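Student: Handing you a structure now.
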Amino acid sequence: MNKGTRKVLLTLLVLSLAAAIVALVMSGKGPAKSRQAVESTPATTAVSQPDAQVVAQPIAPVAPNQVAAPSKLKARAVTVAAKPAILGSLDPAKDRFTIEFSSTGAGIDRIAFSEFWVHAVDRVAAIRHATAVATGADKIPPMPAESDRYVLTPVGTIGTWNVPMLAAHSVEVDGQLISLFGSVWAERAAGEFEAIIDDDAGTATLRIRRSFTVTPTQGAGYDITLTQTVENLSSTPRQVGILQYGPGDLTRVAGEMMDIRRLQFGYLMSVRRDPAQSSVITHDAMLERADVVKSVDAGKFDVWPNELQADQDFHLSWFGTTNRYFSLAVHAPMTPLGTGAPSKSLAESVQFIRASMGEPSLSDPKAEPTLFTVLYSPQRTVAPGKSTDFSMGIFAGPLDRSILTSVPPYSALEMSGLIVYSMGGCCSWCTFAWLANQMVIFLDFIHDYIVFDWGLAIIVLVLVVRLILHPISKKSQVQMMRLTKGMAEMKPELDALKARYGDDPKRMQQEQMRLYKEKGVNPVGCIGGFLPTFLQMPIWMALYAVLYLAFELRQQPAFFGIFQQFGGWNFLGDLSSQDRFIPLPTPIDLYIFTLTSINVIPLLMGAVFYIQQKYMAPPPSTQQTPEQIQQQKMMRVMTVIMFPLMLYAAPSGLTLYIMTSTLVGIWESKRVRKFIEETAGQPIVVKKSKTRDAIGRMYERALERAQDKKQTGKKFKDRG
């Protein structure tokens with residue numbers, strides 16, 4: 001195999017590897033997974049109500065020791081006035097969200113954010129409206145429709161029943177499980193609910209109260225306190241525990257390329273290892289949604305604690321589910337202890353967590369069933385006339401580093417662990433989360449203190465990376481160009497060796513290696529030309545994760561939104577999404593993505609790649625055959641077409657990075673060519689390198705083994 005063929009194969013290998021990784025990350029597709037119905041855990045069970053009606057209640061799998069004979073205790077609602085108003089407002093200056101409640105299970109039916117929108121164009125329209133109102137403009141642009149606000153809401157059902165977020169599931173009293181799901185709650189005020197548990201004689205035995213209040217957190221305002229108490233109204237002690245629905249599946253925005261929803265935990269070490277219970281740990285406490293679904297399908301419902309966590313006596317501090325940009329999490333209420341320090345443990349309210357599957361998403365009936373979780377409290381004995389508390393805090397907001405790392409109680413609870421810059425699935429390892437974390441910090445610094453624009457920050461990142469890699473890039477290009485020239489100069493001598501030792505391949509190989517050493521040419525030196533590409537691939541993948549997952553870049557335009565001033569162009573209007581320059585009336589479903597618009601920036605990137613081929617491609621070697629030269633031309637055409645196609649639906653910020661990096665590379669290549677022309681009369685000198693010599697020796701031995709194998713096969717064939 002001559003040098004030209006090796007270069008073609010190596011280049012195709014590099015491009016195929018890059019294309020495969022990009023395709024896997026963008027498509028999020030993998031082997032099909034089958035789902036089996038868990039028939040041993042029915043989704044619903046009938047519970048008798050005081051008004052003699054039979055209401056089907058969603059009941060998730062329960063532990064064996066909680067299964068008992070039909071309870072004689074019954075839950076009922078207290079008669080109250082009409083339903084009060086919702087909590088909060090949609091004025092960003094006053095509140096972060098509004099909360100609408102449901103009397104079914106005394107849960108949350110809807111959280112609508114006052115400043116977050118589904119699409120970037122809606123965010124821009126809302127800002128223009130607010131600016132016009134504040135400045136007293138004559139013409140006030142309209143606000144986007146309320147349906148375009150970003151909301152947290154139940155995404156699926158169990159059976160035919162909607163399950164409100166964090167709804168009460170049931171109460172266990174002396175081993176009897178009484179459903180709290182249904183019309184058993186009275187709403188006394190906004191977010192304040194009460195239910196009564198009667199015995200078989202109709203005497204009130206327990207009073208259960210649930211109260212949701214918005215907790216200001218130094219301007220962040222994304223925290224909700226759930227005060228949950230059980231009061232013993234009887235004359236005998238009662239052992240009680242609460243089961244409630246926990247954070248489950250969150251909404252996926254239409255058009256998202258992959259499902260990266262996760263279940264994440266923060267926990268405390270045992271008292272023996274951490275007596276002060278002060279350090280919240282997030283390592284090795286994340287579950288991919290797909291893995292949890294697979295476990296549920298196999299009949300394994302426990303998600304906290306697992307066997308190791310139980311053996312080590314870890315205590316839960318917080319638990320949340322996430323989608324691309326938002327989270328719903330329950331956390332320790334941070335109530336003061338006897339010493340005055342707030343407790344970081346949620347174990348007093350949540351002892352373990354189980355998962356179950358419901359029906360498909362309400363917005364997408366074709367999607368897979370919804371994942372639900374149920375929080376189980378510890379069992380407590382409540383004396384007559386006393387009450388016990390199962391309160392907790394709730395975080396319902398964005399995965400914003402500035403909030404989760406600096407605003408209490410999130411900072412104290414290390415809830416920044418909810419933020420994970422990883423694409424998940426088969427590409428968890430290739431998104432380099434550690435590099436993505438550093439990249440977000442760097443981009444934040446450049447944006448906040450130097451350029452004040454995310455598009456410019458990405459360009460600065462390009463310049464910094466190219467500057468760091470310039471010595472390597474320059475050396476590799478010089479090496480490849482000089483190698484091509486050296487091989488051309490040696491062609492007459494190589495032809496002479498071929499004519500002299502053509503009948504003795506082993507001797508010919510030895511003489512070729514001798515000639516290479518005399519001329520200072522390494523036959524595998526072209527491998528170094530791919531080093532800058534390999535070094536940049538981790539940066540590309542980490543940047544992809546950052547642009548796709550970092551809340552800071554969500555719906556952020558490039559270049560101060562200048563393109564949006566010309567009739568509302570979508571071009572580079574959202575660096576976390578494709579540029580959608582010309583929306584299509586009907587989406588076209590392709591295998592790796594759905595074509596919803598004509599995107600300009602990937603096409604511009606293809607044009608830049610074409611220019612790059614003109615400037616950076618080495619001239620054809622005199623050793624190459626016409627077929628090999630044609631193969632190289634085809635490979636260049638594939639490069640120009642393949643990468644724009646693979647990155648067509650990628651975040652426009654990533655495409656901007658690669659296009660800018662390519663333009664800088666063209667300029668860099670011109671400088672290198674000028675340097676080579678200025679040193680054209682100097683002899684080719686290749687410094688000794690242990691690594692390069694070792695590769696050369698490996699190459700030589702591999703060729704010898706190939707020749708020996710070929711000769712052995714030929715002898716065997718001749719004998720036959």
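Going through the structure tokens in order, the chains are called A, B, and so on, while each chain numbers its residues from 1 and the ligands are numbered from 1 in the order shown.
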Write out as a PyMOL selection string the residues lying within 12 Å of Leu90 in chain A, counting only C-alpha atoms and excluding same-chain residues fewer than 6 positions away.
Tutor: chain A and resi 96-99+111-116+126+146+149-151
Student: Just the residues within 7 Å of Leu250 in chain A, please, counting only C-alpha atoms, with nothing from its chain fewer than 6 positions along; format it as a PyMOL selection string.
Tutor: chain A and resi 152+155+322-323
Student: If we count only C-alpha atoms and set the cut-off at 12 Å, which residues sit around Pro142 in chain A, ignoring sequence neighbours fewer than 6 positions away in its own chain? Please answer as JSON, numbers by chain.
Tutor: {"A": [122, 124, 125, 126, 127, 128, 129, 130, 131, 132, 133]}
Student: Kindly export the residues of the current selection with C-alpha atoms, as an mmCIF file, in the first residue's frame.
Tutor:
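Resulting contents of out-v9.cif:
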```
data_model
loop_
_atom_site.group_PDB
_atom_site.id
_atom_site.type_symbol
_atom_site.label_atom_id
_atom_site.label_comp_id
_atom_site.auth_asym_id
_atom_site.auth_seq_id
_atom_site.Cartn_x
_atom_site.Cartn_y
_atom_site.Cartn_z
ATOM 1 C CA ASP A 122 -41.865 34.911 21.796
ATOM 2 C CA VAL A 124 -38.114 38.806 21.900
ATOM 3 C CA ALA A 125 -41.739 39.908 21.454
ATOM 4 C CA ALA A 126 -42.283 39.963 25.232
ATOM 5 C CA ILE A 127 -39.144 42.069 25.742
ATOM 6 C CA ARG A 128 -40.251 44.549 23.080
ATOM 7 C CA HIS A 129 -43.681 44.837 24.662
ATOM 8 C CA ALA A 130 -42.223 45.444 28.130
ATOM 9 C CA THR A 131 -39.739 48.009 26.781
ATOM 10 C CA ALA A 132 -42.459 49.905 24.922
ATOM 11 C CA VAL A 133 -44.665 50.003 28.007
#
```
Student: If you count only C-alpha atoms, which residues fall within 7 Å of Tyr222 in chain A, apart from same-chain ones fewer than 3 positions away, as a list in words?
Tutor: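 Final neighbour list, sorted by chain and number: Arg96, Phe395, Ala396 and Gly397 of chain A.
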Student: Excluding Leu467 in chain A and any residue of its chain fewer than 5 positions from it, enumerate the residues within 12 Å of it, using only C-alpha atoms, and give them as JSON, numbers by chain.
Tutor: {"A": [460, 461, 462, 472, 473, 474, 532, 661, 664, 665, 668]}
Student: Per DSSP on the backbone, filter range 59-240 of chain A down to the residues in alpha helix (DSSP H) and report them as a list in words.
Tutor: Ala120, Val121, Asp122, Arg123, Val124, Ala125, Ala126, Ile127, Arg128, His129, Ala130, Thr131, Ala132, Val133, Ala134 and Thr135 of chain A
Student: For the selection just defined, write its residues with N, CA and C atoms to a file, as a JSON list (two decimals), in the first residue's frame.
Tutor:
```json
[["chain", "number", "residue", "atom", "x", "y", "z"],
["A", 120, "ALA", "N", -37.82, 31.42, 21.00],
["A", 120, "ALA", "CA", -37.04, 32.65, 21.10],
["A", 120, "ALA", "C", -37.80, 33.85, 20.57],
["A", 121, "VAL", "N", -38.59, 33.67, 19.51],
["A", 121, "VAL", "CA", -39.34, 34.80, 18.95],
["A", 121, "VAL", "C", -40.35, 35.33, 19.95],
["A", 122, "ASP", "N", -40.92, 34.45, 20.77],
["A", 122, "ASP", "CA", -41.87, 34.91, 21.80],
["A", 122, "ASP", "C", -41.14, 35.70, 22.88],
["A", 123, "ARG", "N", -39.95, 35.25, 23.23],
["A", 123, "ARG", "CA", -39.16, 35.98, 24.23],
["A", 123, "ARG", "C", -38.84, 37.38, 23.73],
["A", 124, "VAL", "N", -38.44, 37.49, 22.47],
["A", 124, "VAL", "CA", -38.11, 38.81, 21.90],
["A", 124, "VAL", "C", -39.35, 39.69, 21.88],
["A", 125, "ALA", "N", -40.50, 39.13, 21.50],
["A", 125, "ALA", "CA", -41.74, 39.91, 21.45],
["A", 125, "ALA", "C", -42.13, 40.40, 22.84],
["A", 126, "ALA", "N", -41.95, 39.55, 23.86],
["A", 126, "ALA", "CA", -42.28, 39.96, 25.23],
["A", 126, "ALA", "C", -41.37, 41.09, 25.71],
["A", 127, "ILE", "N", -40.09, 41.01, 25.35],
["A", 127, "ILE", "CA", -39.14, 42.07, 25.74],
["A", 127, "ILE", "C", -39.51, 43.39, 25.06],
["A", 128, "ARG", "N", -39.87, 43.32, 23.79],
["A", 128, "ARG", "CA", -40.25, 44.55, 23.08],
["A", 128, "ARG", "C", -41.51, 45.16, 23.67],
["A", 129, "HIS", "N", -42.46, 44.33, 24.04],
["A", 129, "HIS", "CA", -43.68, 44.84, 24.66],
["A", 129, "HIS", "C", -43.36, 45.53, 25.99],
["A", 130, "ALA", "N", -42.56, 44.87, 26.82],
["A", 130, "ALA", "CA", -42.22, 45.44, 28.13],
["A", 130, "ALA", "C", -41.45, 46.75, 27.97],
["A", 131, "THR", "N", -40.53, 46.79, 27.00],
["A", 131, "THR", "CA", -39.74, 48.01, 26.78],
["A", 131, "THR", "C", -40.63, 49.16, 26.31],
["A", 132, "ALA", "N", -41.56, 48.86, 25.42],
["A", 132, "ALA", "CA", -42.46, 49.90, 24.92],
["A", 132, "ALA", "C", -43.35, 50.44, 26.03],
["A", 133, "VAL", "N", -43.82, 49.57, 26.89],
["A", 133, "VAL", "CA", -44.66, 50.00, 28.01],
["A", 133, "VAL", "C", -43.86, 50.85, 28.97],
["A", 134, "ALA", "N", -42.63, 50.42, 29.27],
["A", 134, "ALA", "CA", -41.81, 51.15, 30.24],
["A", 134, "ALA", "C", -41.40, 52.53, 29.73],
["A", 135, "THR", "N", -41.19, 52.66, 28.42],
["A", 135, "THR", "CA", -40.76, 53.94, 27.86],
["A", 135, "THR", "C", -41.92, 54.82, 27.41]]
```
Student: Go through A:Thr596, A:Thr157, A:Gln228, A:Thr79 and flag the residue nearest Phe390 in chain A, using only C-alpha atoms for the distances.
Tutor: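 Going through A:Thr596, A:Thr157, A:Gln228, A:Thr79 one by one, the smallest distance to Phe390 in chain A is for A:Gln228.
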Student: Might you pull out every residue within 10 Å of Asp200 in chain A, with only C-alpha atoms counted and same-chain residues fewer than 4 positions away left off, and present them as a ChimeraX atom specification?
Tutor: /A:71-74,204
Student: For a quick check of understanding, using only C-alpha atoms, which of A:Met143, A:Ile242, A:Ala355, A:Ile419 has the smallest distance to Ala545 in chain A?
Tutor: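 Looking at the shortest contact to Ala545 in chain A, the residue is A:Ile419.
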Student: Taking only C-alpha atoms into account, which of A:Gly182, A:Pro154, A:Pro557, A:Pro505 comes nearest Ala106 in chain A?
Tutor: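 Closest residue, counting only C-alpha atoms: A:Gly182.
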Student: Near Arg209 in chain A, within 7 Å and counting only C-alpha atoms, which residues show up once chain neighbours fewer than 3 positions away are dropped, as a list in words?
Tutor: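 Residues near the query, excluding close chain neighbours: Phe193, Glu194, Ala195, Gln228, Thr229 and Val230 of chain A.
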Student: Could you save those same residues with N, CA and C atoms as a tab-separated table (two decimals), in the first residue's frame?
Tutor:
```tsv
chain	number	residue	atom	x	y	z
A	193	PHE	N	-54.87	23.01	51.61
A	193	PHE	CA	-55.81	21.91	51.49
A	193	PHE	C	-55.94	21.16	52.82
A	194	GLU	N	-57.12	20.55	53.00
A	194	GLU	CA	-57.36	19.80	54.23
A	194	GLU	C	-58.24	18.59	53.90
A	195	ALA	N	-57.90	17.46	54.52
A	195	ALA	CA	-58.71	16.24	54.38
A	195	ALA	C	-58.87	15.61	55.76
A	228	GLN	N	-46.69	19.94	55.27
A	228	GLN	CA	-47.56	18.76	55.23
A	228	GLN	C	-47.59	18.12	56.62
A	229	THR	N	-48.75	18.13	57.24
A	229	THR	CA	-48.86	17.61	58.61
A	229	THR	C	-50.01	16.61	58.71
A	230	VAL	N	-49.86	15.70	59.65
A	230	VAL	CA	-50.91	14.73	59.99
A	230	VAL	C	-51.19	14.88	61.48
```
Student: Interatomic distance between CA of Asp297 in chain A and CA of Pro369 in chain A?
Tutor: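 For CA of Asp297 in chain A relative to CA of Pro369 in chain A, the distance reads 11.2 Å.
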Student: Let me make sure I understand: among A:Tyr501, A:Ile539, A:Asn306, A:Ala190, which one has the smallest atom-to-atom distance to Leu435 in chain A if we use only C-alpha atoms?
Tutor: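 With only C-alpha atoms as the atom set, the closest residue is A:Ile539.
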Student: Expressed in Å to a single decimal, how great is the separation between CA of Phe212 in chain A and CA of Tyr410 in chain A?
Tutor: 18.5 Å
Student: Which residue out of A:His169, A:Thr388, A:Phe643, A:Phe452 has the minimum interatomic distance to Gly561 in chain A when only C-alpha atoms are used?
Tutor: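 Smallest distance to Gly561 in chain A is found for A:Phe452.
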